[in-house]
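Novice: File target29.tsv below, TSV, N, CA and C atoms:
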chain	number	residue	atom	x	y	z
A	1	TYR	N	0.83	-1.20	0.00
A	1	TYR	CA	0.00	0.00	0.00
A	1	TYR	C	0.87	1.25	0.00
A	2	GLN	N	1.89	1.25	0.82
A	2	GLN	CA	2.78	2.42	0.93
A	2	GLN	C	3.48	2.69	-0.40
A	3	MET	N	3.97	1.64	-1.06
A	3	MET	CA	4.68	1.81	-2.33
A	3	MET	C	3.73	2.25	-3.42
A	4	THR	N	2.51	1.75	-3.42
A	4	THR	CA	1.52	2.15	-4.42
A	4	THR	C	1.21	3.64	-4.30
A	5	ARG	N	1.04	4.11	-3.07
A	5	ARG	CA	0.77	5.53	-2.83
A	5	ARG	C	1.98	6.37	-3.27
A	6	TYR	N	3.16	5.91	-2.96
A	6	TYR	CA	4.39	6.60	-3.36
A	6	TYR	C	4.47	6.71	-4.88
A	7	ASN	N	4.20	5.60	-5.57
A	7	ASN	CA	4.24	5.61	-7.04
A	7	ASN	C	3.17	6.52	-7.62
A	8	LEU	N	2.00	6.55	-7.02
A	8	LEU	CA	0.93	7.43	-7.47
A	8	LEU	C	1.33	8.90	-7.31
A	9	ILE	N	1.87	9.23	-6.16
A	9	ILE	CA	2.30	10.61	-5.91
A	9	ILE	C	3.39	11.00	-6.90
A	10	ARG	N	4.34	10.13	-7.11
A	10	ARG	CA	5.42	10.42	-8.06
A	10	ARG	C	4.87	10.60	-9.48
A	11	THR	N	3.98	9.74	-9.89
A	11	THR	CA	3.39	9.85	-11.22
A	11	THR	C	2.60	11.14	-11.38
A	12	LEU	N	1.82	11.49	-10.37
A	12	LEU	CA	1.04	12.73	-10.42
A	12	LEU	C	1.95	13.95	-10.46
A	13	TRP	N	3.05	13.91	-9.70
A	13	TRP	CA	3.98	15.03	-9.68
A	13	TRP	C	4.64	15.20	-11.06
A	14	ILE	N	5.07	14.11	-11.66
A	14	ILE	CA	5.68	14.17	-12.98
A	14	ILE	C	4.66	14.65	-14.01
A	15	ALA	N	3.43	14.17	-13.90
A	15	ALA	CA	2.37	14.61	-14.82
A	15	ALA	C	2.10	16.11	-14.65
A	16	ALA	N	2.10	16.59	-13.42
A	16	ALA	CA	1.90	18.03	-13.19
A	16	ALA	C	3.02	18.84	-13.82
A	17	CYS	N	4.24	18.38	-13.69
A	17	CYS	CA	5.38	19.08	-14.31
A	17	CYS	C	5.23	19.10	-15.83
A	18	GLY	N	4.87	17.96	-16.39
A	18	GLY	CA	4.67	17.89	-17.84
A	18	GLY	C	3.54	18.78	-18.30
A	19	THR	N	2.48	18.83	-17.53
A	19	THR	CA	1.34	19.68	-17.87
A	19	THR	C	1.74	21.15	-17.89
A	20	VAL	N	2.55	21.57	-16.95
A	20	VAL	CA	3.02	22.96	-16.92
A	20	VAL	C	3.76	23.30	-18.22
A	21	LEU	N	4.67	22.42	-18.63
A	21	LEU	CA	5.44	22.69	-19.84
A	21	LEU	C	4.55	22.70	-21.08
A	22	VAL	N	3.70	21.70	-21.20
A	22	VAL	CA	2.82	21.62	-22.38
A	22	VAL	C	1.90	22.83	-22.42
A	23	TRP	N	1.34	23.21	-21.27
A	23	TRP	CA	0.47	24.39	-21.21
A	23	TRP	C	1.22	25.64	-21.67
A	24	TRP	N	2.43	25.84	-21.15
A	24	TRP	CA	3.18	27.04	-21.52
A	24	TRP	C	3.54	27.03	-23.01
A	25	LEU	N	4.01	25.91	-23.50
A	25	LEU	CA	4.36	25.83	-24.92
A	25	LEU	C	3.14	26.10	-25.80
A	26	TYR	N	2.01	25.51	-25.45
A	26	TYR	CA	0.80	25.70	-26.24
A	26	TYR	C	0.28	27.14	-26.14
A	27	SER	N	0.30	27.72	-24.94
A	27	SER	CA	-0.26	29.05	-24.73
A	27	SER	C	0.66	30.16	-25.21
A	28	TYR	N	1.96	29.97	-25.11
A	28	TYR	CA	2.90	31.05	-25.40
A	28	TYR	C	4.05	30.65	-26.30
A	29	GLY	N	4.75	29.58	-25.95
A	29	GLY	CA	6.03	29.26	-26.56
A	29	GLY	C	6.02	28.99	-28.04
A	30	LEU	N	5.03	28.26	-28.52
A	30	LEU	CA	5.02	27.85	-29.92
A	30	LEU	C	4.13	28.72	-30.79
A	31	ARG	N	3.55	29.73	-30.23
A	31	ARG	CA	2.65	30.59	-30.99
A	31	ARG	C	3.46	31.59	-31.82
A	32	GLU	N	3.27	31.53	-33.10
A	32	GLU	CA	4.01	32.41	-34.01
A	32	GLU	C	3.50	33.85	-33.97
A	33	ASP	N	2.24	34.05	-33.54
A	33	ASP	CA	1.67	35.38	-33.54
A	33	ASP	C	2.10	36.23	-32.35
A	34	LEU	N	2.83	35.64	-31.39
A	34	LEU	CA	3.30	36.40	-30.24
A	34	LEU	C	4.72	36.88	-30.46
A	35	SER	N	5.01	38.05	-29.96
A	35	SER	CA	6.37	38.59	-30.08
A	35	SER	C	7.31	37.85	-29.14
A	36	GLN	N	8.58	37.91	-29.43
A	36	GLN	CA	9.59	37.26	-28.59
A	36	GLN	C	9.59	37.88	-27.19
A	37	ILE	N	9.32	39.17	-27.11
A	37	ILE	CA	9.28	39.84	-25.81
A	37	ILE	C	8.15	39.27	-24.96
A	38	LEU	N	6.96	39.13	-25.55
A	38	LEU	CA	5.83	38.57	-24.81
A	38	LEU	C	6.10	37.13	-24.40
A	39	LYS	N	6.71	36.35	-25.27
A	39	LYS	CA	7.06	34.97	-24.91
A	39	LYS	C	8.02	34.95	-23.73
A	40	SER	N	8.99	35.84	-23.75
A	40	SER	CA	9.96	35.91	-22.65
A	40	SER	C	9.29	36.32	-21.36
A	41	GLU	N	8.40	37.31	-21.44
A	41	GLU	CA	7.71	37.76	-20.24
A	41	GLU	C	6.76	36.69	-19.70
A	42	SER	N	6.20	35.89	-20.59
A	42	SER	CA	5.25	34.86	-20.15
A	42	SER	C	5.94	33.72	-19.42
A	43	GLN	N	7.25	33.65	-19.48
A	43	GLN	CA	7.98	32.59	-18.79
A	43	GLN	C	7.77	32.66	-17.29
A	44	VAL	N	7.37	33.81	-16.78
A	44	VAL	CA	7.12	33.94	-15.34
A	44	VAL	C	6.01	32.99	-14.90
A	45	TYR	N	5.04	32.70	-15.76
A	45	TYR	CA	3.98	31.75	-15.41
A	45	TYR	C	4.55	30.35	-15.21
A	46	LEU	N	5.43	29.96	-16.11
A	46	LEU	CA	6.08	28.66	-15.99
A	46	LEU	C	6.94	28.63	-14.72
A	47	LEU	N	7.66	29.72	-14.46
A	47	LEU	CA	8.50	29.79	-13.26
A	47	LEU	C	7.68	29.62	-11.99
A	48	ILE	N	6.57	30.34	-11.91
A	48	ILE	CA	5.74	30.28	-10.70
A	48	ILE	C	5.24	28.86	-10.47
A	49	ALA	N	4.70	28.25	-11.51
A	49	ALA	CA	4.16	26.89	-11.37
A	49	ALA	C	5.25	25.91	-10.98
A	50	MET	N	6.41	26.00	-11.60
A	50	MET	CA	7.47	25.04	-11.30
A	50	MET	C	8.10	25.30	-9.93
A	51	VAL	N	8.17	26.54	-9.51
A	51	VAL	CA	8.69	26.82	-8.16
A	51	VAL	C	7.75	26.21	-7.13
A	52	ILE	N	6.44	26.32	-7.35
A	52	ILE	CA	5.48	25.73	-6.42
A	52	ILE	C	5.68	24.21	-6.34
A	53	LEU	N	5.91	23.57	-7.48
A	53	LEU	CA	6.08	22.11	-7.50
A	53	LEU	C	7.43	21.66	-6.94
A	54	THR	N	8.40	22.57	-6.87
A	54	THR	CA	9.75	22.17	-6.47
A	54	THR	C	10.28	22.91	-5.24
A	55	LEU	N	9.40	23.62	-4.54
A	55	LEU	CA	9.87	24.33	-3.34
A	55	LEU	C	10.53	23.36	-2.38
A	56	PRO	N	11.57	23.71	-1.70
A	56	PRO	CA	12.33	24.95	-1.72
A	56	PRO	C	13.51	24.95	-2.70
A	57	LEU	N	13.94	23.78	-3.15
A	57	LEU	CA	15.14	23.73	-4.00
A	57	LEU	C	14.94	24.36	-5.37
A	58	GLY	N	13.69	24.48	-5.82
A	58	GLY	CA	13.41	25.11	-7.10
A	58	GLY	C	13.88	26.55	-7.14
A	59	VAL	N	13.79	27.23	-6.01
A	59	VAL	CA	14.26	28.62	-5.94
A	59	VAL	C	15.77	28.67	-6.17
A	60	ALA	N	16.49	27.75	-5.57
A	60	ALA	CA	17.94	27.70	-5.78
A	60	ALA	C	18.25	27.40	-7.25
A	61	TRP	N	17.45	26.56	-7.90
A	61	TRP	CA	17.67	26.24	-9.30
A	61	TRP	C	17.52	27.49	-10.18
A	62	ILE	N	16.58	28.37	-9.86
A	62	ILE	CA	16.41	29.60	-10.64
A	62	ILE	C	17.70	30.41	-10.63
A	63	TYR	N	18.27	30.58	-9.46
A	63	TYR	CA	19.51	31.36	-9.36
A	63	TYR	C	20.67	30.67	-10.07
A	64	LEU	N	20.76	29.37	-9.92
A	64	LEU	CA	21.82	28.62	-10.60
A	64	LEU	C	21.65	28.73	-12.11
A	65	PHE	N	20.43	28.60	-12.59
A	65	PHE	CA	20.15	28.68	-14.02
A	65	PHE	C	20.46	30.08	-14.56
A	66	ALA	N	20.08	31.10	-13.81
A	66	ALA	CA	20.38	32.48	-14.23
A	66	ALA	C	21.89	32.69	-14.33
A	67	GLY	N	22.63	32.15	-13.38
A	67	GLY	CA	24.09	32.24	-13.44
A	67	GLY	C	24.65	31.50	-14.64
A	68	LEU	N	24.09	30.34	-14.92
A	68	LEU	CA	24.52	29.55	-16.08
A	68	LEU	C	24.25	30.31	-17.38
A	69	LEU	N	23.07	30.91	-17.49
A	69	LEU	CA	22.75	31.69	-18.68
A	69	LEU	C	23.70	32.88	-18.84
A	70	TYR	N	24.04	33.50	-17.72
A	70	TYR	CA	24.97	34.63	-17.77
A	70	TYR	C	26.34	34.18	-18.28
A	71	VAL	N	26.83	33.07	-17.77
A	71	VAL	CA	28.13	32.55	-18.20
A	71	VAL	C	28.10	32.20	-19.68
A	72	LEU	N	27.03	31.52	-20.12
A	72	LEU	CA	26.91	31.16	-21.53
A	72	LEU	C	26.81	32.40	-22.41
A	73	ASP	N	26.05	33.39	-21.98
A	73	ASP	CA	25.91	34.62	-22.74
A	73	ASP	C	27.24	35.37	-22.83
A	74	THR	N	27.98	35.38	-21.75
A	74	THR	CA	29.30	36.02	-21.74
A	74	THR	C	30.25	35.31	-22.70
A	75	ALA	N	30.10	34.00	-22.82
A	75	ALA	CA	30.94	33.21	-23.73
A	75	ALA	C	30.45	33.30	-25.18
A	76	GLY	N	29.34	34.02	-25.39
A	76	GLY	CA	28.83	34.20	-26.75
A	76	GLY	C	27.88	33.11	-27.19
A	77	ILE	N	27.39	32.31	-26.25
A	77	ILE	CA	26.45	31.24	-26.56
A	77	ILE	C	25.05	31.68	-26.17
A	78	ASN	N	24.15	31.76	-27.14
A	78	ASN	CA	22.79	32.19	-26.89
A	78	ASN	C	21.87	30.97	-26.97
A	79	VAL	N	21.29	30.58	-25.83
A	79	VAL	CA	20.44	29.39	-25.82
A	79	VAL	C	18.97	29.72	-26.05
A	80	SER	N	18.60	30.98	-25.95
A	80	SER	CA	17.20	31.32	-26.20
A	80	SER	C	17.03	31.59	-27.69
A	81	GLY	N	15.94	31.13	-28.21
A	81	GLY	CA	15.70	31.30	-29.62
A	81	GLY	C	14.34	30.82	-30.01
A	82	LYS	N	14.19	30.49	-31.25
A	82	LYS	CA	12.89	30.13	-31.80
A	82	LYS	C	12.28	28.90	-31.12
A	83	MET	N	13.06	27.93	-30.79
A	83	MET	CA	12.54	26.71	-30.18
A	83	MET	C	12.44	26.79	-28.66
A	84	GLN	N	12.70	27.94	-28.08
A	84	GLN	CA	12.58	28.14	-26.63
A	84	GLN	C	13.47	27.17	-25.84
A	85	ALA	N	14.69	27.01	-26.30
A	85	ALA	CA	15.61	26.07	-25.64
A	85	ALA	C	15.85	26.45	-24.19
A	86	ASP	N	15.91	27.75	-23.89
A	86	ASP	CA	16.15	28.16	-22.51
A	86	ASP	C	15.01	27.68	-21.60
A	87	VAL	N	13.78	27.73	-22.08
A	87	VAL	CA	12.65	27.28	-21.28
A	87	VAL	C	12.71	25.77	-21.07
A	88	ILE	N	13.07	25.05	-22.09
A	88	ILE	CA	13.17	23.58	-21.98
A	88	ILE	C	14.26	23.21	-20.97
A	89	PHE	N	15.42	23.86	-21.06
A	89	PHE	CA	16.50	23.59	-20.10
A	89	PHE	C	16.08	23.98	-18.68
A	90	LEU	N	15.42	25.12	-18.55
A	90	LEU	CA	14.94	25.57	-17.24
A	90	LEU	C	13.97	24.55	-16.66
A	91	TRP	N	13.02	24.11	-17.48
A	91	TRP	CA	12.03	23.15	-17.03
A	91	TRP	C	12.68	21.82	-16.65
A	92	LEU	N	13.60	21.33	-17.49
A	92	LEU	CA	14.30	20.08	-17.18
A	92	LEU	C	15.05	20.16	-15.86
A	93	GLY	N	15.67	21.31	-15.61
A	93	GLY	CA	16.36	21.51	-14.34
A	93	GLY	C	15.42	21.48	-13.17
A	94	PHE	N	14.26	22.15	-13.31
A	94	PHE	CA	13.25	22.10	-12.26
A	94	PHE	C	12.82	20.67	-11.98
A	95	VAL	N	12.56	19.91	-13.04
A	95	VAL	CA	12.10	18.52	-12.87
A	95	VAL	C	13.19	17.70	-12.17
A	96	ALA	N	14.43	17.85	-12.60
A	96	ALA	CA	15.53	17.09	-11.99
A	96	ALA	C	15.69	17.45	-10.51
A	97	VAL	N	15.73	18.75	-10.22
A	97	VAL	CA	15.91	19.21	-8.83
A	97	VAL	C	14.73	18.77	-7.98
A	98	GLY	N	13.52	18.96	-8.49
A	98	GLY	CA	12.34	18.58	-7.74
A	98	GLY	C	12.26	17.08	-7.51
A	99	TYR	N	12.59	16.30	-8.53
A	99	TYR	CA	12.55	14.85	-8.40
A	99	TYR	C	13.55	14.38	-7.34
A	100	ILE	N	14.75	14.89	-7.42
A	100	ILE	CA	15.78	14.51	-6.43
A	100	ILE	C	15.32	14.91	-5.02
A	101	GLN	N	14.78	16.12	-4.92
A	101	GLN	CA	14.32	16.60	-3.62
A	101	GLN	C	13.20	15.74	-3.06
A	102	TRP	N	12.12	15.56	-3.82
A	102	TRP	CA	10.92	14.90	-3.32
A	102	TRP	C	11.01	13.38	-3.29
A	103	PHE	N	11.78	12.79	-4.19
A	103	PHE	CA	11.74	11.33	-4.31
A	103	PHE	C	13.06	10.66	-3.98
A	104	ALA	N	14.06	11.42	-3.55
A	104	ALA	CA	15.32	10.84	-3.06
A	104	ALA	C	15.67	11.42	-1.69
A	105	ILE	N	15.78	12.74	-1.58
A	105	ILE	CA	16.22	13.36	-0.31
A	105	ILE	C	15.15	13.23	0.78
A	106	VAL	N	13.92	13.62	0.47
A	106	VAL	CA	12.86	13.58	1.49
A	106	VAL	C	12.63	12.15	1.99
A	107	PRO	N	12.50	11.14	1.12
A	107	PRO	CA	12.35	9.78	1.65
A	107	PRO	C	13.54	9.32	2.50
A	108	TRP	N	14.74	9.73	2.12
A	108	TRP	CA	15.93	9.38	2.89
A	108	TRP	C	15.86	10.00	4.29
A	109	VAL	N	15.48	11.29	4.35
A	109	VAL	CA	15.37	11.97	5.65
A	109	VAL	C	14.31	11.31	6.51
A	110	ILE	N	13.18	10.98	5.91
A	110	ILE	CA	12.10	10.31	6.67
A	110	ILE	C	12.58	8.95	7.18
A	111	ARG	N	13.25	8.20	6.32
A	111	ARG	CA	13.76	6.88	6.71
A	111	ARG	C	14.75	7.00	7.87
A	112	LYS	N	15.66	7.97	7.79
A	112	LYS	CA	16.64	8.16	8.87
A	112	LYS	C	15.97	8.58	10.17
A	113	ALA	N	14.96	9.44	10.08
A	113	ALA	CA	14.25	9.88	11.28
A	113	ALA	C	13.53	8.70	11.93
A	114	ARG	N	12.93	7.85	11.12
A	114	ARG	CA	12.25	6.67	11.65
A	114	ARG	C	13.24	5.70	12.28
A	115	GLU	N	14.41	5.54	11.64
A	115	GLU	CA	15.44	4.66	12.21
A	115	GLU	C	15.92	5.18	13.55
A	116	ARG	N	16.12	6.49	13.65
A	116	ARG	CA	16.55	7.07	14.93
A	116	ARG	C	15.48	6.89	15.99
A	117	ALA	N	14.23	7.11	15.61
A	117	ALA	CA	13.14	6.95	16.59
A	117	ALA	C	13.05	5.50	17.06
A	118	THR	N	13.21	4.55	16.14
A	118	THR	CA	13.17	3.14	16.49
A	118	THR	C	14.34	2.78	17.40
A	119	THR	N	15.52	3.27	17.08
A	119	THR	CA	16.71	2.99	17.89
A	119	THR	C	16.56	3.62	19.29
A	120	LYS	N	16.02	4.81	19.34
A	120	LYS	CA	15.83	5.49	20.62
A	120	LYS	C	14.81	4.74	21.46
A	121	ASN	N	13.74	4.25	20.85
A	121	ASN	CA	12.72	3.50	21.59
A	121	ASN	C	13.27	2.18	22.13
A	122	ARG	N	14.14	1.54	21.39
A	122	ARG	CA	14.75	0.28	21.83
A	122	ARG	C	15.71	0.50	22.99
A	123	ALA	N	16.41	1.65	22.97
A	123	ALA	CA	17.41	1.94	23.98
A	123	ALA	C	16.77	2.42	25.29
A	124	THR	N	15.55	2.89	25.23
A	124	THR	CA	14.89	3.40	26.44
A	124	THR	C	14.34	2.24	27.25
A	125	PRO	N	14.78	2.15	28.52
A	125	PRO	CA	14.28	1.06	29.36
A	125	PRO	C	12.79	1.27	29.69
A	126	VAL	N	12.09	0.15	29.82
A	126	VAL	CA	10.65	0.22	30.11
A	126	VAL	C	10.38	0.11	31.57
Now that the file is in, can you turn its structure into structure tokens?

Specialist:
Amino acid sequence: YQMTRYNLIRTLWIAACGTVLVWWLYSYGLREDLSQILKSESQVYLLIAMVILTLPLGVAWIYLFAGLLYVLDTAGINVSGKMQADVIFLWLGFVAVGYIQWFAIVPWVIRKARERATTKNRATPV
């Protein structure tokens, strides 16, 4: 039962992340009638949704990604363009950071806390 619930939560979380990207691409990213400026400004919607899904590490990813874009831009590499590569990379980073946070780090912390509680209960005389 516990593993089934875990798999359901993980599947729903991944589906929510995918929905955010598909929604943004359909609403803004792939529309030819929108200006590049409007597409860039609309990225805030994707950012807000993904930060909510990946709090708190998602916030750190934004800063890391901004630094990465700055370094690439300084080196003369422009990743933003017609195919919205910057948004795809940003989204992939959010998914990776969020997945590691929610489905690796948090379960590990919970497992360790339970192990400590079990060990403490065994060591306490009755």

Novice: I'd like to know which of A:Ala16, A:Leu90, A:Ile100, A:Val22 is closest to Ile62 in chain A, using all atoms listed in the file.

Specialist: A:Leu90

Novice: Which residues are close to Gly29 in chain A, i.e. within 8 Å by all atoms listed in the file, leaving aside same-chain residues fewer than 4 positions away? Reply as an MDAnalysis selection string.

Specialist: chainID A and resid 23:25 38:40 42 82:84

Novice: Give, as AutoDock Vina command-line options, the centre coordinates and the x, y and z edge lengths in Å to one decimal for an axis-aligned box around all listed atoms of range 38-48 of chain A, padded by 8 Å on each side.

Specialist:
--center_x 7.0 --center_y 33.9 --center_z -18.0 --size_x 22.0 --size_y 26.5 --size_z 31.1

Novice: Hey, which of A:Ala117, A:Val95, A:Arg31, A:Arg111 ends up closest to Val51 in chain A? Count only C-alpha atoms.

Specialist: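 Using only C-alpha atoms, Val51 in chain A sits closest to A:Val95.
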
Novice: Measure the distance from atom N of Trp91 in chain A to atom C of Leu55 in chain A in Å and round it to one decimal.

Specialist: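 According to the coordinates, atom N of Trp91 in chain A and atom C of Leu55 in chain A are separated by 15.3 Å.
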
Novice: Using only C-alpha atoms, can you tell me which of A:Ala75, A:Cys17, A:Val109, A:Ile37 comes closest to Gly93 in chain A?

Specialist: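 Residue with the minimum atom-to-atom distance to Gly93 in chain A: A:Cys17.
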
Novice: Could you state the separation of CA of Phe65 in chain A and atom N of Arg10 in chain A in Å, given to one decimal place?

Specialist: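 Rounded to one decimal, the two atoms are 25.3 Å apart.
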
Novice: Which residues in range 23-66 of chain A does DSSP call helix (DSSP H, G or I)? List them as number ranges by chain.

Specialist: A: 23-29, 36-54, 57-66

Novice: For the selection you just gave me, I'd like the residues written to a file as an mmCIF file, in the frame of the given file, keeping N, CA and C atoms.

Specialist:
data_model
loop_
_atom_site.group_PDB
_atom_site.id
_atom_site.type_symbol
_atom_site.label_atom_id
_atom_site.label_comp_id
_atom_site.auth_asym_id
_atom_site.auth_seq_id
_atom_site.Cartn_x
_atom_site.Cartn_y
_atom_site.Cartn_z
ATOM 1 N N TRP A 23 1.340 23.210 -21.270
ATOM 2 C CA TRP A 23 0.470 24.390 -21.210
ATOM 3 C C TRP A 23 1.220 25.640 -21.670
ATOM 4 N N TRP A 24 2.430 25.840 -21.150
ATOM 5 C CA TRP A 24 3.180 27.040 -21.520
ATOM 6 C C TRP A 24 3.540 27.030 -23.010
ATOM 7 N N LEU A 25 4.010 25.910 -23.500
ATOM 8 C CA LEU A 25 4.360 25.830 -24.920
ATOM 9 C C LEU A 25 3.140 26.100 -25.800
ATOM 10 N N TYR A 26 2.010 25.510 -25.450
ATOM 11 C CA TYR A 26 0.800 25.700 -26.240
ATOM 12 C C TYR A 26 0.280 27.140 -26.140
ATOM 13 N N SER A 27 0.300 27.720 -24.940
ATOM 14 C CA SER A 27 -0.260 29.050 -24.730
ATOM 15 C C SER A 27 0.660 30.160 -25.210
ATOM 16 N N TYR A 28 1.960 29.970 -25.110
ATOM 17 C CA TYR A 28 2.900 31.050 -25.400
ATOM 18 C C TYR A 28 4.050 30.650 -26.300
ATOM 19 N N GLY A 29 4.750 29.580 -25.950
ATOM 20 C CA GLY A 29 6.030 29.260 -26.560
ATOM 21 C C GLY A 29 6.020 28.990 -28.040
ATOM 22 N N GLN A 36 8.580 37.910 -29.430
ATOM 23 C CA GLN A 36 9.590 37.260 -28.590
ATOM 24 C C GLN A 36 9.590 37.880 -27.190
ATOM 25 N N ILE A 37 9.320 39.170 -27.110
ATOM 26 C CA ILE A 37 9.280 39.840 -25.810
ATOM 27 C C ILE A 37 8.150 39.270 -24.960
ATOM 28 N N LEU A 38 6.960 39.130 -25.550
ATOM 29 C CA LEU A 38 5.830 38.570 -24.810
ATOM 30 C C LEU A 38 6.100 37.130 -24.400
ATOM 31 N N LYS A 39 6.710 36.350 -25.270
ATOM 32 C CA LYS A 39 7.060 34.970 -24.910
ATOM 33 C C LYS A 39 8.020 34.950 -23.730
ATOM 34 N N SER A 40 8.990 35.840 -23.750
ATOM 35 C CA SER A 40 9.960 35.910 -22.650
ATOM 36 C C SER A 40 9.290 36.320 -21.360
ATOM 37 N N GLU A 41 8.400 37.310 -21.440
ATOM 38 C CA GLU A 41 7.710 37.760 -20.240
ATOM 39 C C GLU A 41 6.760 36.690 -19.700
ATOM 40 N N SER A 42 6.200 35.890 -20.590
ATOM 41 C CA SER A 42 5.250 34.860 -20.150
ATOM 42 C C SER A 42 5.940 33.720 -19.420
ATOM 43 N N GLN A 43 7.250 33.650 -19.480
ATOM 44 C CA GLN A 43 7.980 32.590 -18.790
ATOM 45 C C GLN A 43 7.770 32.660 -17.290
ATOM 46 N N VAL A 44 7.370 33.810 -16.780
ATOM 47 C CA VAL A 44 7.120 33.940 -15.340
ATOM 48 C C VAL A 44 6.010 32.990 -14.900
ATOM 49 N N TYR A 45 5.040 32.700 -15.760
ATOM 50 C CA TYR A 45 3.980 31.750 -15.410
ATOM 51 C C TYR A 45 4.550 30.350 -15.210
ATOM 52 N N LEU A 46 5.430 29.960 -16.110
ATOM 53 C CA LEU A 46 6.080 28.660 -15.990
ATOM 54 C C LEU A 46 6.940 28.630 -14.720
ATOM 55 N N LEU A 47 7.660 29.720 -14.460
ATOM 56 C CA LEU A 47 8.500 29.790 -13.260
ATOM 57 C C LEU A 47 7.680 29.620 -11.990
ATOM 58 N N ILE A 48 6.570 30.340 -11.910
ATOM 59 C CA ILE A 48 5.740 30.280 -10.700
ATOM 60 C C ILE A 48 5.240 28.860 -10.470
ATOM 61 N N ALA A 49 4.700 28.250 -11.510
ATOM 62 C CA ALA A 49 4.160 26.890 -11.370
ATOM 63 C C ALA A 49 5.250 25.910 -10.980
ATOM 64 N N MET A 50 6.410 26.000 -11.600
ATOM 65 C CA MET A 50 7.470 25.040 -11.300
ATOM 66 C C MET A 50 8.100 25.300 -9.930
ATOM 67 N N VAL A 51 8.170 26.540 -9.510
ATOM 68 C CA VAL A 51 8.690 26.820 -8.160
ATOM 69 C C VAL A 51 7.750 26.210 -7.130
ATOM 70 N N ILE A 52 6.440 26.320 -7.350
ATOM 71 C CA ILE A 52 5.480 25.730 -6.420
ATOM 72 C C ILE A 52 5.680 24.210 -6.340
ATOM 73 N N LEU A 53 5.910 23.570 -7.480
ATOM 74 C CA LEU A 53 6.080 22.110 -7.500
ATOM 75 C C LEU A 53 7.430 21.660 -6.940
ATOM 76 N N THR A 54 8.400 22.570 -6.870
ATOM 77 C CA THR A 54 9.750 22.170 -6.470
ATOM 78 C C THR A 54 10.280 22.910 -5.240
ATOM 79 N N LEU A 57 13.940 23.780 -3.150
ATOM 80 C CA LEU A 57 15.140 23.730 -4.000
ATOM 81 C C LEU A 57 14.940 24.360 -5.370
ATOM 82 N N GLY A 58 13.690 24.480 -5.820
ATOM 83 C CA GLY A 58 13.410 25.110 -7.100
ATOM 84 C C GLY A 58 13.880 26.550 -7.140
ATOM 85 N N VAL A 59 13.790 27.230 -6.010
ATOM 86 C CA VAL A 59 14.260 28.620 -5.940
ATOM 87 C C VAL A 59 15.770 28.670 -6.170
ATOM 88 N N ALA A 60 16.490 27.750 -5.570
ATOM 89 C CA ALA A 60 17.940 27.700 -5.780
ATOM 90 C C ALA A 60 18.250 27.400 -7.250
ATOM 91 N N TRP A 61 17.450 26.560 -7.900
ATOM 92 C CA TRP A 61 17.670 26.240 -9.300
ATOM 93 C C TRP A 61 17.520 27.490 -10.180
ATOM 94 N N ILE A 62 16.580 28.370 -9.860
ATOM 95 C CA ILE A 62 16.410 29.600 -10.640
ATOM 96 C C ILE A 62 17.700 30.410 -10.630
ATOM 97 N N TYR A 63 18.270 30.580 -9.460
ATOM 98 C CA TYR A 63 19.510 31.360 -9.360
ATOM 99 C C TYR A 63 20.670 30.670 -10.070
ATOM 100 N N LEU A 64 20.760 29.370 -9.920
ATOM 101 C CA LEU A 64 21.820 28.620 -10.600
ATOM 102 C C LEU A 64 21.650 28.730 -12.110
ATOM 103 N N PHE A 65 20.430 28.600 -12.590
ATOM 104 C CA PHE A 65 20.150 28.680 -14.020
ATOM 105 C C PHE A 65 20.460 30.080 -14.560
ATOM 106 N N ALA A 66 20.080 31.100 -13.810
ATOM 107 C CA ALA A 66 20.380 32.480 -14.230
ATOM 108 C C ALA A 66 21.890 32.690 -14.330
#

Novice: Kindly give the distance, in Å, that separates CA of Gly58 in chain A and CA of Gly98 in chain A, rounded to a single decimal.

Specialist: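 Atom-to-atom, CA of Gly58 in chain A to CA of Gly98 in chain A, that is 6.6 Å.
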
Novice: Nearest to Ala49 in chain A: which of A:Val71, A:Ile110, A:Ala96, A:Val20 is it, counting all atoms listed in the file?

Specialist: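 Using all atoms listed in the file, the shortest distance to Ala49 in chain A belongs to A:Val20.
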
Novice: Excluding same-chain residues fewer than 5 positions from Val97 in chain A, what lies within 8 Å of it counting only C-alpha atoms, as a list in words?

Specialist: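 Non-adjacent residues within range: Thr54, Leu57, Gly58 and Trp61 of chain A.
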
Novice: Pick the closest to Phe94 in chain A from A:Lys112, A:Ala15, A:Asn7, A:Met50: which is it, counting only N, CA and C atoms?

Specialist: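 Selected residue with least distance to Phe94 in chain A: A:Met50.
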
Novice: Quick one: of A:Gly76, A:Pro56, A:Ala113, A:Arg5, who's nearest to Gln101 in chain A, counting all atoms listed in the file?

Specialist: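 Looking at the shortest contact to Gln101 in chain A, the residue is A:Pro56.
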